[in-house]
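Undergrad: One structure is given below, represented as structure tokens, and several questions about it will come after.
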Amino acid sequence: TAEPQTRRFEAEVEQVLKLVTHSLYSHKEIFLRELISNASDACDKLRFEALAKPDLAAGDADFRVEISLDEAARTITIRDNGIGMSQDEVIANIGTIASSGTRKFLESLSGDARKDTQLIGQFGVGFYSAFVVADKVTLISRRADLPHDQAVRWESTGTGEYQLSTVTDAARGTAVILHLKPEEDEFLKPWRVRSLVSKYSDHVAFPIRMLKEKQGEDEAEAEASQSTEWETVNHASALWMRPKSELKDEDYQGFYKHIAHAYDEALAWTHNRVEGNQSYTSLIYLPTQAPFDLAYSGRDERKGLKLYIRRVFIMDASEQLLPAYLRFVRGVVDSDDLPLNVSREILQENRMVQQIRSGLVKRALDLLDKLVSDDADKYKTFWGNFGAVLKEGVAEDHGNRERIAKLLRFASTKSEGDAPTVGFDQYIERMVEGQEAIYFITADSYKAAANSPQLEQLKAKGFEVLLMSERIDEWMMGYLSEYAGKKLRNVAKGDLDLGKKDEAEEAAQKQAEQDAEPVLKQIKAHLGERVREVKLSRRLTDSASCLVVDEYDMAMHLKRMLKAAGQ
Ligand code: ADP
Ligand code: MG
């Protein structure tokens with residue numbers, strides 16, 4: 001064998017290594033879950049590739065993860081018989097940070113250990129967590145399609161450099177050997193490691209095995225019975241296939257953390273089996289916390305809904321199975337009927353997939369309805385974190401527009417402060433005598449909306465006005481002209497018709513308009529091209545004047561936004 005080669009990590013890797021070891025310090029046991037999760041991913045990948053090329057898994061088709069402890073050598077080894085890596089793959093996956101999100105990750109670190117820990121999970125710097133407990137990590141890997149003498153050995157102390165060499169007798173898959181730091185003895189204790197496996201990895205669908213513990217009182221006997229027998233220490237079954245009655249909340253929470261790579265608790269979930277011309281099982285979750293990039297890059301690179309076909313993991317299919325406005329949903333779908341050789345392209349067009357997709361949308365909206373009626377606090381949390389994303393659905397999902405509109409929450413002239421708590425249903429319930437439409441105003445900020453002079457006359461009449469100040473509101477409301485048969489009216493646009501007036505009022509208005517005409521003409525002459533028209537307003541009670549745009553013009557703050565963006 002050739003001399004080991006020494007290479008340097010990418011600069012970013014060094015930075016990430018430092019941050020990971022630093023910010024994970026109080027959650028050090030996370031390394032085990034990360035390495036098991038990589039091992040499980042590797043088994044998933046091989047099982048999938050072996051569908052087309054059965055030879056790849058031949059001779060060793062019982063996918064598994066094995067953890068062994070060596071007290072004398074002070075090592076813990078996590079081994080899988082999954083896909084493995086070629087030398088190039090090791091360099092690409094372990095020596096660099098492949099993810100395009102890395103820079104964003106680095107920029108988004110807050111220095112707050114709790115938050116940073118969550119980010120680390122989302123950006124897949126999982127492998128490096130090994131260095132939290134180890135002062136040296138050795139990885140030996142052979143890709144399933146390479147011969148025995150083309151395995152690779154990678155080793156690093158996590159300080160800038162790593163060594164690479166060729167190995168000639170490695171088994172298929174990957175072994176990661178952690179040489180534990182002096183103070184990390186706890187991870188050499190079988191009971192400790194077992195309890196971590198059940199805490200974090202119970203729901204990995206492959207068996208995680210450890211050597212049977214020594215039995216017997218007698219030292220000598222125990223020594224003699226030093227076990228070479230493996231036993232499975234996790235549940236090792238697809239959780240979503242188990243009957244609901246068997247599953248406890250902890251099971252669902254544990255599985256959520258496993259599949260969503262999450263550190264938060266799930267807010268709610270729904271687990272369903274659909275039987276019929278198209279049968280599938282789905283288990284979908286609402287997270288409690290939003291990933292920091294949800295609203296922006298989240299639309300392009302979506303992840304979090306895993307597609308299985310008859311228990312075989314196929315791919316992350318969020319983009320095919322969920323509309324963008326539900327991109328916060330996490331979970332699994334396991335289809336009985338799709339062909340195992342589906343590709344992304346097929347998924348895009350497949351009629352069965354479209355059925356599953358609309359089924360999932362319905363489940364997700366049902367779940368939200370249920371939160372609204374059963375747990376107002378949780379819905380508030382949901383709305384605070386994901387409301388702005390759900391709003392996209394008003395524009396994008398015509399068929400569910402009314403259902404989504406029902407879930408919207410806003411601040412209003414009749415609610416406390418700027419908290420978005422008022423929905424259209426509640427609004428309609430407390431509409432006053434003579435009020436026919438739902439009134440709202442959009443502005444740059446809550447303050448601007450709440451202090452808008454355009455509200456004066458509505459307030460005087462006792463009409464509630466929804467105060468909308470999120471960026472997306474103006475655009476969204478462009479798609480919503482009615483709710484439950486009531487017209488939605490932007491009070492900053494067009495002529496405001498505040499319900500029926502009696503004849504006397506009508507006459508008084510006419511008279512006032514006539515009286516004002518000369519003044520209005522003068523003002524218009526003075527302002528010239530800067531305004532289209534000067535009118536006598538019914539909007540105001542205290543202010544002398546306000547600006548109004550035509551019904552079909554852009555709202556003023558949108559104009560300001562576009563202008564600011566250089567348009
Ligand atoms: P992530 O799992 O989120 O991609 P990690 O840092 O945990 O990030 O792993 C980086 C990459 O290294 C993986 O995407 C995978 O390609 C590769 N890798 C890590 N562990 C294994 C393993 N046991 N078998 C095969 N590939 C692995
Ligand atoms: Mg990983």
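Chain labels run A, B, ... following the order of the structure tokens; each chain numbers its residues from 1, and ligands are numbered from 1 in the order shown.
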Could the residues of chain A that have an atom at most 6 Å from ligand 2 be listed as a Markdown table, each with its closest atom pair and the distance in Å to one decimal, counting only C-alpha atoms and all ligand atoms and ordered by chain and ascending residue number?

TA:
| residue | atom | partner | partner_atom_place_in_ligand_line | distance |
| --- | --- | --- | --- | --- |
| A:Glu34 | CA | ligand 2 | 1 (Mg) | 5.4 |
| A:Ser37 | CA | ligand 2 | 1 (Mg) | 5.8 |
| A:Asn38 | CA | ligand 2 | 1 (Mg) | 4.5 |
| A:Gly124 | CA | ligand 2 | 1 (Mg) | 5.4 |
| A:Gly126 | CA | ligand 2 | 1 (Mg) | 4.6 |
| A:Phe127 | CA | ligand 2 | 1 (Mg) | 5.9 |

Undergrad: Output the selection as a tab-separated table (two decimals), in the first residue's frame - C-alpha atoms for each residue.

TA:
chain	number	residue	atom	x	y	z
A	34	GLU	CA	-25.72	11.69	13.68
A	37	SER	CA	-28.40	8.43	10.91
A	38	ASN	CA	-25.62	8.46	8.29
A	124	GLY	CA	-25.97	18.34	7.64
A	126	GLY	CA	-23.59	15.82	11.22
A	127	PHE	CA	-20.42	13.84	10.62

Undergrad: If you run DSSP on the backbone here, which positions in segment 389-520 of chain A get strand (DSSP E or B)? Please write them as an mmCIF file with N, CA and C atoms, in the first residue's frame.

TA:
data_model
loop_
_atom_site.group_PDB
_atom_site.id
_atom_site.type_symbol
_atom_site.label_atom_id
_atom_site.label_comp_id
_atom_site.auth_asym_id
_atom_site.auth_seq_id
_atom_site.Cartn_x
_atom_site.Cartn_y
_atom_site.Cartn_z
ATOM 1 N N PHE A 410 -55.029 38.049 11.647
ATOM 2 C CA PHE A 410 -54.502 39.401 11.502
ATOM 3 C C PHE A 410 -54.706 40.194 12.786
ATOM 4 N N ALA A 411 -53.965 41.281 12.881
ATOM 5 C CA ALA A 411 -54.291 42.260 13.915
ATOM 6 C C ALA A 411 -55.529 43.021 13.419
ATOM 7 N N SER A 412 -56.220 43.686 14.310
ATOM 8 C CA SER A 412 -57.386 44.433 13.852
ATOM 9 C C SER A 412 -57.633 45.612 14.776
ATOM 10 N N VAL A 422 -57.012 37.731 14.855
ATOM 11 C CA VAL A 422 -58.388 37.764 14.355
ATOM 12 C C VAL A 422 -58.495 37.068 12.996
ATOM 13 N N ILE A 438 -66.121 43.022 4.504
ATOM 14 C CA ILE A 438 -64.999 42.860 5.440
ATOM 15 C C ILE A 438 -63.963 43.906 5.039
ATOM 16 N N TYR A 439 -63.575 44.769 5.972
ATOM 17 C CA TYR A 439 -62.640 45.838 5.650
ATOM 18 C C TYR A 439 -61.250 45.518 6.147
ATOM 19 N N PHE A 440 -60.266 45.874 5.326
ATOM 20 C CA PHE A 440 -58.876 45.685 5.752
ATOM 21 C C PHE A 440 -58.030 46.810 5.187
ATOM 22 N N ILE A 441 -56.863 46.964 5.770
ATOM 23 C CA ILE A 441 -55.917 47.926 5.220
ATOM 24 C C ILE A 441 -54.552 47.284 5.200
ATOM 25 N N THR A 442 -53.765 47.544 4.171
ATOM 26 C CA THR A 442 -52.398 47.024 4.127
ATOM 27 C C THR A 442 -51.427 48.181 4.251
ATOM 28 N N VAL A 465 -61.621 46.936 11.296
ATOM 29 C CA VAL A 465 -60.740 46.886 10.126
ATOM 30 C C VAL A 465 -59.551 45.986 10.441
ATOM 31 N N LEU A 466 -59.289 45.035 9.554
ATOM 32 C CA LEU A 466 -58.129 44.156 9.733
ATOM 33 C C LEU A 466 -56.881 44.931 9.318
ATOM 34 N N LEU A 467 -55.865 44.870 10.160
ATOM 35 C CA LEU A 467 -54.648 45.648 9.922
ATOM 36 C C LEU A 467 -53.553 44.718 9.420
ATOM 37 N N MET A 468 -53.267 44.817 8.137
ATOM 38 C CA MET A 468 -52.314 43.879 7.529
ATOM 39 C C MET A 468 -50.996 44.574 7.267
ATOM 40 N N GLU A 482 -63.419 37.757 -1.844
ATOM 41 C CA GLU A 482 -64.586 37.426 -1.032
ATOM 42 C C GLU A 482 -64.245 36.399 0.006
ATOM 43 N N TYR A 483 -64.952 36.425 1.112
ATOM 44 C CA TYR A 483 -64.853 35.318 2.056
ATOM 45 C C TYR A 483 -66.250 35.062 2.596
ATOM 46 N N LYS A 486 -68.913 37.375 1.701
ATOM 47 C CA LYS A 486 -68.735 38.807 2.012
ATOM 48 C C LYS A 486 -67.586 39.367 1.178
ATOM 49 N N LYS A 487 -67.831 40.535 0.614
ATOM 50 C CA LYS A 487 -66.772 41.198 -0.157
ATOM 51 C C LYS A 487 -65.658 41.656 0.779
ATOM 52 N N LEU A 488 -64.439 41.555 0.275
ATOM 53 C CA LEU A 488 -63.301 42.057 1.039
ATOM 54 C C LEU A 488 -62.906 43.408 0.456
ATOM 55 N N ARG A 489 -62.852 44.433 1.274
ATOM 56 C CA ARG A 489 -62.584 45.767 0.752
ATOM 57 C C ARG A 489 -61.363 46.383 1.412
ATOM 58 N N ASN A 490 -60.429 46.806 0.575
ATOM 59 C CA ASN A 490 -59.252 47.508 1.071
ATOM 60 C C ASN A 490 -59.644 48.966 1.311
ATOM 61 N N LYS A 493 -58.300 51.812 -0.881
ATOM 62 C CA LYS A 493 -58.479 51.780 -2.334
ATOM 63 C C LYS A 493 -59.884 52.172 -2.762
#

Undergrad: Considering only C-alpha atoms and all ligand atoms, can you say which of A:Glu89, A:Glu3, A:Glu49, A:Glu470 comes closest to ligand 1?

TA: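 The answer is A:Glu89, which sits nearest to ligand 1.
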
Undergrad: Using Å and a single decimal, report how far atom CA of Ala492 of chain A sits from atom CA of Pro453 of chain A.

TA: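 Pair atom CA of Pro453 of chain A / atom CA of Ala492 of chain A returns 9.6 Å.
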
Undergrad: Output as JSON lines one row per residue of chain A within 9 Å of ligand 1: the closest atom pair and its distance in Å to one decimal place, counting only C-alpha atoms and all ligand atoms, sorted by chain and residue number ascending.

TA:
{"residue": "A:Glu34", "atom": "CA", "partner": "ligand 1", "partner_atom_place_in_ligand_line": "7 (O)", "distance": 6.0}
{"residue": "A:Leu35", "atom": "CA", "partner": "ligand 1", "partner_atom_place_in_ligand_line": "20 (N)", "distance": 6.6}
{"residue": "A:Ile36", "atom": "CA", "partner": "ligand 1", "partner_atom_place_in_ligand_line": "23 (N)", "distance": 7.7}
{"residue": "A:Ser37", "atom": "CA", "partner": "ligand 1", "partner_atom_place_in_ligand_line": "2 (O)", "distance": 7.1}
{"residue": "A:Asn38", "atom": "CA", "partner": "ligand 1", "partner_atom_place_in_ligand_line": "20 (N)", "distance": 4.5}
{"residue": "A:Ala39", "atom": "CA", "partner": "ligand 1", "partner_atom_place_in_ligand_line": "23 (N)", "distance": 4.0}
{"residue": "A:Ser40", "atom": "CA", "partner": "ligand 1", "partner_atom_place_in_ligand_line": "23 (N)", "distance": 7.5}
{"residue": "A:Asp41", "atom": "CA", "partner": "ligand 1", "partner_atom_place_in_ligand_line": "24 (N)", "distance": 7.2}
{"residue": "A:Ala42", "atom": "CA", "partner": "ligand 1", "partner_atom_place_in_ligand_line": "24 (N)", "distance": 4.6}
{"residue": "A:Cys43", "atom": "CA", "partner": "ligand 1", "partner_atom_place_in_ligand_line": "24 (N)", "distance": 7.8}
{"residue": "A:Lys45", "atom": "CA", "partner": "ligand 1", "partner_atom_place_in_ligand_line": "25 (C)", "distance": 8.6}
{"residue": "A:Ile78", "atom": "CA", "partner": "ligand 1", "partner_atom_place_in_ligand_line": "23 (N)", "distance": 8.1}
{"residue": "A:Arg79", "atom": "CA", "partner": "ligand 1", "partner_atom_place_in_ligand_line": "23 (N)", "distance": 7.2}
{"residue": "A:Asp80", "atom": "CA", "partner": "ligand 1", "partner_atom_place_in_ligand_line": "23 (N)", "distance": 6.3}
{"residue": "A:Asn81", "atom": "CA", "partner": "ligand 1", "partner_atom_place_in_ligand_line": "24 (N)", "distance": 8.4}
{"residue": "A:Gly82", "atom": "CA", "partner": "ligand 1", "partner_atom_place_in_ligand_line": "24 (N)", "distance": 6.3}
{"residue": "A:Ile83", "atom": "CA", "partner": "ligand 1", "partner_atom_place_in_ligand_line": "25 (C)", "distance": 5.8}
{"residue": "A:Gly84", "atom": "CA", "partner": "ligand 1", "partner_atom_place_in_ligand_line": "25 (C)", "distance": 4.4}
{"residue": "A:Met85", "atom": "CA", "partner": "ligand 1", "partner_atom_place_in_ligand_line": "25 (C)", "distance": 5.5}
{"residue": "A:Glu89", "atom": "CA", "partner": "ligand 1", "partner_atom_place_in_ligand_line": "16 (O)", "distance": 7.2}
{"residue": "A:Val90", "atom": "CA", "partner": "ligand 1", "partner_atom_place_in_ligand_line": "12 (O)", "distance": 7.0}
{"residue": "A:Ala92", "atom": "CA", "partner": "ligand 1", "partner_atom_place_in_ligand_line": "12 (O)", "distance": 8.1}
{"residue": "A:Asn93", "atom": "CA", "partner": "ligand 1", "partner_atom_place_in_ligand_line": "12 (O)", "distance": 4.4}
{"residue": "A:Ile94", "atom": "CA", "partner": "ligand 1", "partner_atom_place_in_ligand_line": "12 (O)", "distance": 5.5}
{"residue": "A:Ile97", "atom": "CA", "partner": "ligand 1", "partner_atom_place_in_ligand_line": "10 (C)", "distance": 7.9}
{"residue": "A:Ala98", "atom": "CA", "partner": "ligand 1", "partner_atom_place_in_ligand_line": "10 (C)", "distance": 8.0}
{"residue": "A:Ser99", "atom": "CA", "partner": "ligand 1", "partner_atom_place_in_ligand_line": "4 (O)", "distance": 8.0}
{"residue": "A:Gly121", "atom": "CA", "partner": "ligand 1", "partner_atom_place_in_ligand_line": "3 (O)", "distance": 7.4}
{"residue": "A:Gln122", "atom": "CA", "partner": "ligand 1", "partner_atom_place_in_ligand_line": "3 (O)", "distance": 7.5}
{"residue": "A:Phe123", "atom": "CA", "partner": "ligand 1", "partner_atom_place_in_ligand_line": "3 (O)", "distance": 6.3}
{"residue": "A:Gly124", "atom": "CA", "partner": "ligand 1", "partner_atom_place_in_ligand_line": "3 (O)", "distance": 3.1}
{"residue": "A:Val125", "atom": "CA", "partner": "ligand 1", "partner_atom_place_in_ligand_line": "6 (O)", "distance": 4.0}
{"residue": "A:Gly126", "atom": "CA", "partner": "ligand 1", "partner_atom_place_in_ligand_line": "7 (O)", "distance": 3.6}
{"residue": "A:Phe127", "atom": "CA", "partner": "ligand 1", "partner_atom_place_in_ligand_line": "6 (O)", "distance": 3.7}
{"residue": "A:Tyr128", "atom": "CA", "partner": "ligand 1", "partner_atom_place_in_ligand_line": "6 (O)", "distance": 6.1}
{"residue": "A:Ser129", "atom": "CA", "partner": "ligand 1", "partner_atom_place_in_ligand_line": "6 (O)", "distance": 8.1}
{"residue": "A:Leu139", "atom": "CA", "partner": "ligand 1", "partner_atom_place_in_ligand_line": "23 (N)", "distance": 8.7}
{"residue": "A:Ser141", "atom": "CA", "partner": "ligand 1", "partner_atom_place_in_ligand_line": "24 (N)", "distance": 7.4}
{"residue": "A:Arg142", "atom": "CA", "partner": "ligand 1", "partner_atom_place_in_ligand_line": "25 (C)", "distance": 8.9}
{"residue": "A:Arg143", "atom": "CA", "partner": "ligand 1", "partner_atom_place_in_ligand_line": "25 (C)", "distance": 8.1}
{"residue": "A:Gly173", "atom": "CA", "partner": "ligand 1", "partner_atom_place_in_ligand_line": "24 (N)", "distance": 6.3}
{"residue": "A:Thr174", "atom": "CA", "partner": "ligand 1", "partner_atom_place_in_ligand_line": "23 (N)", "distance": 4.9}
{"residue": "A:Ala175", "atom": "CA", "partner": "ligand 1", "partner_atom_place_in_ligand_line": "23 (N)", "distance": 6.8}
{"residue": "A:Val176", "atom": "CA", "partner": "ligand 1", "partner_atom_place_in_ligand_line": "23 (N)", "distance": 7.3}
{"residue": "A:His261", "atom": "CA", "partner": "ligand 1", "partner_atom_place_in_ligand_line": "3 (O)", "distance": 8.6}

Undergrad: Compile the contact shell of Glu402 of chain A as a list in words: residues with an atom at most 9 Å away, counting only C-alpha atoms, same-chain residues fewer than 2 positions apart removed.

TA: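 Listed by chain and then number, they are Val394, His398, Gly399, Asn400, Ile404, Ala405, Lys406, Leu407, Leu480, Glu482, Tyr483 and Ala484 of chain A.
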
Undergrad: Mind dumping the selected residues with C-alpha atoms as a CSV table (one decimal), in the first residue's frame?

TA:
chain,number,residue,atom,x,y,z
A,394,VAL,CA,-54.2,31.8,-0.9
A,398,HIS,CA,-57.2,28.1,-5.9
A,399,GLY,CA,-59.1,24.9,-4.9
A,400,ASN,CA,-58.4,25.4,-1.2
A,404,ILE,CA,-56.7,28.5,3.8
A,405,ALA,CA,-58.4,31.9,4.2
A,406,LYS,CA,-60.3,30.5,7.2
A,407,LEU,CA,-56.9,29.9,8.8
A,480,LEU,CA,-59.0,37.1,-2.3
A,482,GLU,CA,-64.6,37.4,-1.0
A,483,TYR,CA,-64.9,35.3,2.1
A,484,ALA,CA,-68.0,33.4,3.0
